[in-house]
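Shown here: query_14.cif, mmCIF, C-alpha atoms and all ligand atoms.
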data_entry
loop_
_atom_site.label_atom_id
_atom_site.label_comp_id
_atom_site.auth_asym_id
_atom_site.auth_seq_id
_atom_site.Cartn_x
_atom_site.Cartn_y
_atom_site.Cartn_z
CA MET A 1447 -6.17 8.56 31.51
CA SER A 1448 -5.02 9.45 34.99
CA PRO A 1449 -6.32 12.63 36.62
CA LYS A 1450 -2.76 13.87 36.66
CA SER A 1451 -2.33 13.71 32.91
CA LEU A 1452 -5.75 15.29 32.44
CA SER A 1453 -4.81 18.25 34.56
CA ALA A 1454 -1.51 18.45 32.74
CA ARG A 1455 -3.45 18.67 29.51
CA VAL A 1456 -5.69 21.39 30.88
CA VAL A 1457 -2.71 23.37 32.03
CA GLY A 1458 -1.16 22.87 28.61
CA ALA A 1459 -4.29 24.12 26.90
CA LEU A 1460 -4.45 27.16 29.17
CA ALA A 1461 -0.83 27.95 28.49
CA LEU A 1462 -1.50 27.71 24.78
CA ALA A 1463 -4.54 29.96 25.04
CA ALA A 1464 -2.52 32.47 27.01
CA ALA A 1465 0.22 32.39 24.43
CA LEU A 1466 -2.09 32.90 21.47
CA PRO A 1467 -2.78 36.62 21.83
CA PHE A 1468 0.96 37.21 21.68
CA ALA A 1469 1.38 34.95 18.69
CA ALA A 1470 -1.43 36.78 16.95
CA THR A 1471 0.27 40.13 17.44
CA ALA A 1472 3.72 38.89 16.54
CA CYS A 1473 3.17 40.36 13.08
CA GLY A 1474 2.08 43.59 14.77
CA GLY A 1475 -1.18 43.52 12.89
CA GLY A 1476 0.51 43.79 9.54
CA ASP A 1477 -0.08 40.65 7.52
CA GLY A 1478 3.41 40.47 6.18
CA GLY A 1479 2.99 44.17 5.58
CA GLY A 1480 4.23 46.91 7.84
CA GLY A 1481 5.83 44.62 10.39
CA GLY A 1482 3.97 46.32 13.18
CA ALA A 1483 5.59 49.73 12.97
CA GLY A 1484 3.69 52.51 14.58
CA GLY A 1485 1.83 50.75 17.34
CA GLY A 1486 -0.81 48.95 15.30
CA GLY A 1487 -0.92 45.93 17.63
CA ASP A 1488 -1.31 45.80 21.37
CA THR A 1489 2.08 44.22 21.97
CA ILE A 1490 5.31 43.97 20.06
CA VAL A 1491 7.51 40.88 19.86
CA ILE A 1492 11.22 41.67 19.90
CA GLY A 1493 14.01 39.16 19.45
CA THR A 1494 17.16 39.22 21.56
CA LYS A 1495 19.60 36.88 23.29
CA PHE A 1496 18.69 35.51 26.72
CA ASP A 1497 22.15 34.38 27.84
CA GLN A 1498 24.59 37.17 27.03
CA PRO A 1499 25.38 39.26 30.13
CA GLY A 1500 25.65 42.99 29.47
CA LEU A 1501 23.90 42.62 26.09
CA GLY A 1502 20.78 40.49 26.23
CA GLN A 1503 19.99 38.53 29.34
CA LYS A 1504 16.90 37.05 30.92
CA ASN A 1505 17.40 37.32 34.67
CA PRO A 1506 16.28 34.70 37.20
CA ASP A 1507 13.34 36.95 38.19
CA GLY A 1508 12.16 37.05 34.57
CA THR A 1509 13.24 40.63 33.86
CA MET A 1510 15.42 41.44 30.87
CA SER A 1511 18.65 43.44 30.89
CA GLY A 1512 21.54 44.43 28.69
CA PHE A 1513 22.56 46.99 26.10
CA ASP A 1514 20.62 45.30 23.27
CA VAL A 1515 17.57 45.11 25.54
CA ASP A 1516 17.84 48.81 26.38
CA VAL A 1517 18.32 49.81 22.73
CA ALA A 1518 15.34 47.67 21.69
CA THR A 1519 13.20 49.05 24.53
CA TYR A 1520 14.02 52.61 23.49
CA VAL A 1521 13.18 51.84 19.85
CA ALA A 1522 9.92 50.15 20.87
CA GLY A 1523 9.04 53.26 22.89
CA GLU A 1524 9.51 55.41 19.81
CA LEU A 1525 7.25 53.02 17.88
CA GLY A 1526 4.54 53.50 20.48
CA TYR A 1527 5.08 50.51 22.78
CA THR A 1528 5.70 50.96 26.50
CA PRO A 1529 8.00 48.38 28.13
CA ASP A 1530 5.04 46.38 29.48
CA LYS A 1531 3.84 45.87 25.89
CA ILE A 1532 7.07 44.13 24.84
CA GLU A 1533 7.23 40.38 24.53
CA TRP A 1534 10.82 39.12 24.31
CA LYS A 1535 11.60 36.21 22.04
CA GLU A 1536 14.86 34.35 22.43
CA SER A 1537 16.77 34.58 19.16
CA PRO A 1538 19.80 32.27 18.91
CA SER A 1539 22.31 33.24 16.23
CA ALA A 1540 21.30 30.60 13.69
CA GLN A 1541 17.58 31.34 13.93
CA ARG A 1542 17.51 35.11 13.52
CA GLU A 1543 16.78 35.35 9.78
CA ASN A 1544 14.07 32.68 10.09
CA LEU A 1545 12.36 34.40 13.01
CA ILE A 1546 12.19 37.62 11.00
CA GLN A 1547 11.15 35.97 7.74
CA ASN A 1548 8.39 33.97 9.47
CA GLY A 1549 6.99 37.08 11.14
CA GLN A 1550 7.61 35.69 14.64
CA VAL A 1551 9.28 38.93 15.69
CA THR A 1552 8.89 42.53 14.54
CA PHE A 1553 12.58 43.19 14.92
CA ILE A 1554 15.73 41.68 16.43
CA ALA A 1555 18.44 43.37 18.50
CA ALA A 1556 20.75 40.50 19.37
CA THR A 1557 24.45 41.24 18.75
CA TYR A 1558 23.37 40.89 15.13
CA SER A 1559 26.08 41.83 12.62
CA ILE A 1560 25.04 43.50 9.39
CA THR A 1561 26.39 41.39 6.50
CA ASP A 1562 25.70 41.22 2.77
CA ALA A 1563 24.70 37.55 3.02
CA ARG A 1564 22.11 38.30 5.71
CA LYS A 1565 20.86 41.33 3.75
CA GLU A 1566 19.63 38.93 1.08
CA LYS A 1567 17.06 37.68 3.61
CA VAL A 1568 16.40 40.56 6.01
CA SER A 1569 16.96 44.33 6.24
CA PHE A 1570 18.92 46.14 8.93
CA ALA A 1571 18.56 49.48 10.69
CA GLY A 1572 21.70 50.87 12.28
CA PRO A 1573 24.50 50.13 12.89
CA TYR A 1574 24.23 51.10 16.57
CA LEU A 1575 27.53 49.58 17.75
CA ILE A 1576 30.81 48.42 16.23
CA THR A 1577 32.93 45.73 17.84
CA GLY A 1578 35.24 42.98 16.60
CA GLN A 1579 35.87 39.27 16.91
CA SER A 1580 38.25 38.21 19.67
CA LEU A 1581 39.25 35.23 21.81
CA LEU A 1582 38.50 34.22 25.38
CA VAL A 1583 40.63 31.67 27.25
CA ARG A 1584 40.93 30.46 30.86
CA SER A 1585 43.02 32.92 32.87
CA ASP A 1586 45.78 30.36 33.50
CA ASN A 1587 46.30 29.75 29.77
CA THR A 1588 49.65 30.87 28.40
CA ASP A 1589 49.90 29.29 24.95
CA ILE A 1590 46.99 30.96 23.15
CA THR A 1591 47.94 34.51 22.34
CA GLY A 1592 45.97 35.19 19.19
CA GLU A 1593 44.09 33.48 16.39
CA ALA A 1594 47.25 32.01 14.81
CA SER A 1595 48.05 29.96 17.94
CA LEU A 1596 44.74 28.13 17.60
CA GLU A 1597 46.15 26.08 14.77
CA ASN A 1598 48.33 24.13 17.26
CA ASN A 1599 45.65 21.51 17.89
CA LYS A 1600 43.50 23.75 20.01
CA ILE A 1601 39.75 23.28 20.32
CA LEU A 1602 37.81 26.44 19.68
CA CYS A 1603 34.14 26.99 20.45
CA SER A 1604 31.76 29.30 18.65
CA VAL A 1605 28.10 29.38 17.71
CA SER A 1606 26.36 28.01 14.62
CA GLY A 1607 25.15 30.66 12.21
CA SER A 1608 27.45 33.35 13.62
CA THR A 1609 29.92 35.47 11.69
CA PRO A 1610 32.85 34.50 14.00
CA ALA A 1611 32.30 30.79 13.31
CA GLN A 1612 32.17 31.52 9.59
CA LYS A 1613 35.38 33.53 9.75
CA ILE A 1614 37.25 30.65 11.42
CA LYS A 1615 35.96 28.19 8.80
CA ASP A 1616 37.02 30.52 5.98
CA LYS A 1617 40.39 31.69 7.27
CA TYR A 1618 41.74 29.19 9.79
CA GLN A 1619 40.94 25.79 8.41
CA GLY A 1620 43.50 24.06 10.64
CA VAL A 1621 41.56 25.00 13.76
CA GLN A 1622 39.28 22.43 15.39
CA LEU A 1623 36.03 24.34 15.61
CA GLN A 1624 33.13 23.14 17.73
CA GLN A 1625 29.85 24.89 17.10
CA TYR A 1626 27.23 25.12 19.82
CA ASP A 1627 23.84 26.82 19.78
CA THR A 1628 24.69 29.48 22.34
CA TYR A 1629 27.74 31.25 23.70
CA SER A 1630 26.79 30.34 27.26
CA ALA A 1631 27.22 26.67 26.26
CA CYS A 1632 30.68 27.55 24.91
CA ILE A 1633 31.50 29.31 28.19
CA ASP A 1634 30.52 26.22 30.20
CA ALA A 1635 32.73 24.10 27.94
CA LEU A 1636 35.62 26.53 28.43
CA LYS A 1637 35.12 26.43 32.19
CA ASN A 1638 35.16 22.64 32.38
CA GLY A 1639 38.06 22.19 29.96
CA ALA A 1640 36.14 20.65 27.04
CA VAL A 1641 37.39 23.49 24.79
CA ASP A 1642 40.50 25.68 24.90
CA ALA A 1643 39.04 28.98 23.72
CA VAL A 1644 35.81 30.72 22.75
CA THR A 1645 35.57 33.14 19.86
CA THR A 1646 32.99 35.81 19.21
CA ASP A 1647 32.65 39.58 19.47
CA GLU A 1648 34.77 41.29 22.11
CA VAL A 1649 31.80 42.93 23.88
CA ILE A 1650 30.15 39.53 24.31
CA LEU A 1651 33.34 37.95 25.67
CA ALA A 1652 33.87 40.89 28.05
CA GLY A 1653 30.37 40.35 29.42
CA TYR A 1654 31.12 36.71 30.25
CA ALA A 1655 34.53 37.58 31.69
CA ALA A 1656 32.92 40.14 34.01
CA GLN A 1657 30.33 37.59 35.13
CA SER A 1658 33.03 35.18 36.40
CA PRO A 1659 35.77 37.40 37.84
CA GLY A 1660 39.22 35.82 37.60
CA ALA A 1661 38.14 32.84 35.51
CA PHE A 1662 38.80 34.08 31.96
CA LYS A 1663 40.81 36.58 29.94
CA ILE A 1664 40.51 38.08 26.47
CA VAL A 1665 43.67 37.57 24.38
CA GLY A 1666 45.01 39.17 21.21
CA GLU A 1667 43.52 42.00 19.23
CA PRO A 1668 40.07 42.01 17.56
CA PHE A 1669 40.37 40.50 14.08
CA SER A 1670 37.14 41.51 12.36
CA GLU A 1671 34.70 44.37 12.26
CA GLU A 1672 31.21 43.54 13.52
CA ARG A 1673 28.60 46.21 12.94
CA TYR A 1674 25.50 45.57 15.05
CA GLY A 1675 22.22 46.33 13.34
CA ILE A 1676 18.55 45.84 14.14
CA GLY A 1677 17.18 43.14 11.87
CA LEU A 1678 13.73 43.51 10.38
CA LYS A 1679 11.64 42.21 7.50
CA LYS A 1680 13.39 42.65 4.18
CA ASP A 1681 12.51 45.85 2.36
CA ASP A 1682 10.21 47.21 5.09
CA THR A 1683 11.62 50.69 4.51
CA GLU A 1684 8.95 52.36 6.63
CA LEU A 1685 9.89 50.38 9.74
CA ARG A 1686 13.59 50.71 8.97
CA THR A 1687 13.31 54.51 8.79
CA LYS A 1688 11.38 54.62 12.07
CA ILE A 1689 14.00 52.48 13.80
CA ASN A 1690 16.84 54.57 12.42
CA ASP A 1691 15.08 57.76 13.63
CA ALA A 1692 14.75 56.17 17.08
CA LEU A 1693 18.44 55.18 17.14
CA LYS A 1694 19.44 58.71 16.14
CA LYS A 1695 17.32 60.16 18.91
CA MET A 1696 18.71 57.70 21.44
CA GLU A 1697 22.27 58.60 20.47
CA GLU A 1698 21.74 62.38 20.40
CA SER A 1699 19.86 62.47 23.69
CA GLY A 1700 22.62 60.74 25.63
CA ALA A 1701 20.41 57.72 26.36
CA TRP A 1702 22.63 55.54 24.17
CA LYS A 1703 25.78 56.36 26.16
CA GLU A 1704 23.90 55.96 29.43
CA ALA A 1705 22.72 52.49 28.38
CA PHE A 1706 26.21 51.54 27.22
CA ASP A 1707 27.88 52.66 30.47
CA LYS A 1708 25.26 50.97 32.62
CA ASN A 1709 25.48 47.62 30.84
CA LEU A 1710 29.03 47.37 29.53
CA GLY A 1711 30.89 49.71 31.90
CA PRO A 1712 31.07 46.94 34.55
CA ALA A 1713 32.81 44.76 31.92
CA GLY A 1714 35.51 47.41 31.65
CA ILE A 1715 34.58 48.81 28.23
CA THR A 1716 34.31 52.54 27.71
CA ALA A 1717 31.57 53.82 25.43
CA PRO A 1718 32.80 54.59 21.91
CA THR A 1719 31.22 57.27 19.74
CA PRO A 1720 28.11 55.74 18.19
CA PRO A 1721 28.75 54.82 14.53
CA PRO A 1722 27.01 56.72 11.73
CA LEU A 1723 23.87 54.99 10.44
CA ASP A 1724 23.94 53.30 7.03
CA ASN A 1725 22.05 54.96 4.20
N1 LIG B 1801 27.88 39.48 15.82
C1 LIG B 1801 28.08 38.15 15.39
C2 LIG B 1801 26.93 37.61 14.57
O1 LIG B 1801 25.99 38.27 14.35
C3 LIG B 1801 28.38 37.22 16.55
C4 LIG B 1801 27.45 37.33 17.70
C5 LIG B 1801 26.25 36.44 17.60
O2 LIG B 1801 26.36 35.30 17.14
O3 LIG B 1801 25.19 36.91 18.03
O4 LIG B 1801 26.97 36.52 14.10
#
Would you put the structure from the file into structure tokens?
Amino acid sequence: MSPKSLSARVVGALALAAALPFAATACGGGDGGGGGAGGGGDTIVIGTKFDQPGLGQKNPDGTMSGFDVDVATYVAGELGYTPDKIEWKESPSAQRENLIQNGQVTFIAATYSITDARKEKVSFAGPYLITGQSLLVRSDNTDITGEASLENNKILCSVSGSTPAQKIKDKYQGVQLQQYDTYSACIDALKNGAVDAVTTDEVILAGYAAQSPGAFKIVGEPFSEERYGIGLKKDDTELRTKINDALKKMEESGAWKEAFDKNLGPAGITAPTPPPLDN
């Protein structure tokens, strides 16, 4: 064994050792029980997206930003965790239910639509935002004006395990749908011409459009209702109530609107009235 590979192994072992305390607290001290509500563990693991500007983004300097990040940080604060006690776990669309069911995260705020199918596996607090599915094309495109025009041999990109991809499969079977793991991969494909359009929630598309001024435009009207919730372990009613109380407080205090304006204002979206929470 060369000295190089030995040191690589040592570094690997150290990294693993450093990661373990976080892994151990991922369940928040509740062995499949309380899901970590109430500050039982030292840190809390929260799932979000890492590549969605304005919503959930890991910045080059390692900091996190976005509306989902701010909502999750506020909720964590109400559960007794200061921002330095939060460990962020990237949560791609198709992995969210698994991450929750396996106890790898205490909760997920990741443009996560509340649906009946998902409710069979996880529970949701919220909703804390309502948006709708839309389409993003290159700014010079003239022949895609709405979802119906996609059936003219257009290639559409969306993400595996997302509600927008499912809607296209159910309702527009003539469309050539390519499913990637992340929306940022779809955006790259749109930029380089590999696909003709990207579909997902309007707030997500607006975030990408704002990141590359002049490159893209949103076309047509939203054609679904996406109600963003905070996903947590199924039937953990104690944690769900605590998260709902935190959301209510965030909305009533003005912190919700402030977070919305800060993160999504630059994308040209004005803050709506926060939706009423589900029972
Ligand atoms: N809100 C939709 C969903 O939960 C699309 C966004 C996403 O994939 O995160 O599937």
Taking only residues of stretch 1498-1542 of chain A that have an atom at most 10 Å from an atom of stretch 1698-1715 of chain A, what is each one's shortest atom pair and its distance in Å to one decimal, using only C-alpha atoms, in chain and number order, as CSV?
residue,atom,partner,partner_atom,distance
A:Pro1499,CA,A:Asn1709,CA,8.4
A:Gly1500,CA,A:Asn1709,CA,4.8
A:Leu1501,CA,A:Asn1709,CA,7.1
A:Gly1502,CA,A:Asn1709,CA,9.7
A:Ser1511,CA,A:Asn1709,CA,8.0
A:Gly1512,CA,A:Asn1709,CA,5.5
A:Phe1513,CA,A:Asn1709,CA,5.6
A:Asp1514,CA,A:Ala1705,CA,9.1
A:Val1515,CA,A:Ala1705,CA,9.4
A:Asp1516,CA,A:Ala1705,CA,6.4
A:Val1517,CA,A:Trp1702,CA,7.3
A:Tyr1520,CA,A:Ala1701,CA,8.7
If you take all atoms listed in the file and a cut-off of 7 Å, which residues of chain A touch ligand LIG 1801 (chain B), and what are their nearest atom pairs and distances in Å to one decimal, in chain and number order, as a Markdown table?
| residue | atom | partner | partner_atom | distance |
| --- | --- | --- | --- | --- |
| A:Ser1539 | CA | B:LIG1801 | O2 | 4.6 |
| A:Ala1556 | CA | B:LIG1801 | O3 | 5.9 |
| A:Thr1557 | CA | B:LIG1801 | O3 | 4.5 |
| A:Tyr1558 | CA | B:LIG1801 | O1 | 3.8 |
| A:Ser1559 | CA | B:LIG1801 | O1 | 4.0 |
| A:Val1605 | CA | B:LIG1801 | O2 | 6.2 |
| A:Gly1607 | CA | B:LIG1801 | O4 | 6.4 |
| A:Ser1608 | CA | B:LIG1801 | O4 | 3.2 |
| A:Thr1609 | CA | B:LIG1801 | O4 | 4.0 |
| A:Pro1610 | CA | B:LIG1801 | C3 | 5.8 |
| A:Thr1646 | CA | B:LIG1801 | C3 | 5.5 |
| A:Asp1647 | CA | B:LIG1801 | C3 | 5.7 |
| A:Glu1672 | CA | B:LIG1801 | N1 | 5.7 |
| A:Tyr1674 | CA | B:LIG1801 | N1 | 6.6 |
Contacts of A:Lys1679 at 7 Å or less, counting all atoms listed in the file, minus same-chain residues fewer than 4 places along, as a PyMOL selection string? chain A and resi 1481+1546-1547+1568-1569
Within 8 Å of stretch 1618-1639 of chain A, which residues of stretch 1563-1611 of chain A come that close, and what is the closest atom pair and distance in Å for each? Count only C-alpha atoms and give it as a tab-separated table.
residue	atom	partner	partner_atom	distance
A:Val1583	CA	A:Leu1636	CA	7.3
A:Arg1584	CA	A:Leu1636	CA	7.0
A:Ala1594	CA	A:Tyr1618	CA	8.0
A:Leu1596	CA	A:Val1621	CA	5.9
A:Glu1597	CA	A:Val1621	CA	4.8
A:Asn1598	CA	A:Val1621	CA	7.7
A:Asn1599	CA	A:Val1621	CA	6.8
A:Lys1600	CA	A:Gln1622	CA	6.4
A:Ile1601	CA	A:Gln1622	CA	5.0
A:Leu1602	CA	A:Leu1623	CA	4.9
A:Cys1603	CA	A:Gln1624	CA	4.8
A:Ser1604	CA	A:Gln1625	CA	5.0
A:Val1605	CA	A:Tyr1626	CA	4.8
A:Ser1606	CA	A:Gln1625	CA	5.3
A:Ala1611	CA	A:Gln1625	CA	7.4
When you count only C-alpha atoms, which of these residues is closest to A:Glu1648: A:Phe1662, A:Asp1682, A:Gly1578, A:Leu1693? A:Gly1578
Can you work out the spacing between atom CA of A:Gly1523 and atom CA of A:Gln1550 in Å, to one decimal?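 These atoms are spaced 19.5 Å apart.
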Could you give me, as a PyMOL selection string, the residues within 8 Å of A:Tyr1527, counting only C-alpha atoms and dropping anything in the same chain fewer than 5 positions from it? chain A and resi 1485+1489-1490+1522+1532
Residues of the last selection are to be written out with C-alpha atoms, as a short mmCIF file (atom, residue, chain, number, x, y, z; two decimals), keeping the file's coordinate frame.
data_model
loop_
_atom_site.label_atom_id
_atom_site.label_comp_id
_atom_site.auth_asym_id
_atom_site.auth_seq_id
_atom_site.Cartn_x
_atom_site.Cartn_y
_atom_site.Cartn_z
CA GLY A 1485 1.83 50.75 17.34
CA THR A 1489 2.08 44.22 21.97
CA ILE A 1490 5.31 43.97 20.06
CA ALA A 1522 9.92 50.15 20.87
CA ILE A 1532 7.07 44.13 24.84
#
Quote the spacing between atom CA of A:Phe1553 and atom CA of A:Glu1697 in Å to one decimal place.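 Those two atoms sit 19.0 Å apart.
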Atom CA of A:Ile1689 to atom CA of A:Ala1518 measures 9.3 Å
Pick from A:Ile1676, A:Ala1643, A:Leu1582, A:Ile1576: nearest to A:Thr1719, with all atoms listed in the file counted?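 Among the listed residues, A:Ile1576 lies closest to A:Thr1719.
Of the listed residues (A:Val1665, A:Met1510, A:Leu1685, A:Leu1525), A:Val1665 comes nearest to A:Ser1595; the distances count all atoms listed in the file.
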For stretch 1520-1531 of chain A, take all atoms listed in the file, fit an axis-aligned box around them, add 3 Å to each of the six sides, then output centre and edge lengths in Å rounded to one decimal, as JSON.
{"center_x": 8.9, "center_y": 50.6, "center_z": 23.7, "size_x": 16.2, "size_y": 15.5, "size_z": 17.6}
Of the residues A:Phe1669, A:Tyr1654, A:Phe1496, A:Tyr1574, which is the one nearest to A:Asp1691, using all atoms listed in the file?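 When distances to A:Asp1691 are compared using all atoms listed in the file, the smallest one comes from A:Tyr1574.
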Give the answer as one residue: which of A:Pro1668, A:Gly1653, A:Gly1660, A:Gly1572 has the shortest atom-to-atom distance to A:Pro1722, using all atoms listed in the file?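 Once distances to A:Pro1722 are computed over all atoms listed in the file, the minimum belongs to A:Gly1572.
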Out of A:Leu1581, A:Leu1723, A:Ile1590, A:Ala1692, which residue has the shortest atom-to-atom distance to A:Thr1645 when counting only C-alpha atoms? A:Leu1581
What does stretch 1608-1619 of chain A look like written to a file with C-alpha atoms, as a short mmCIF file (atom, residue, chain, number, x, y, z; two decimals), in the first residue's frame?
data_model
loop_
_atom_site.label_atom_id
_atom_site.label_comp_id
_atom_site.auth_asym_id
_atom_site.auth_seq_id
_atom_site.Cartn_x
_atom_site.Cartn_y
_atom_site.Cartn_z
CA SER A 1608 -41.97 15.04 -8.77
CA THR A 1609 -45.63 15.91 -9.13
CA PRO A 1610 -45.03 17.89 -12.38
CA ALA A 1611 -43.43 14.86 -14.06
CA GLN A 1612 -46.35 12.71 -12.93
CA LYS A 1613 -48.87 15.22 -14.28
CA ILE A 1614 -47.25 15.17 -17.73
CA LYS A 1615 -47.24 11.36 -17.77
CA ASP A 1616 -50.90 11.27 -16.76
CA LYS A 1617 -52.29 14.06 -18.92
CA TYR A 1618 -49.98 14.67 -21.87
CA GLN A 1619 -48.89 11.27 -23.06
#
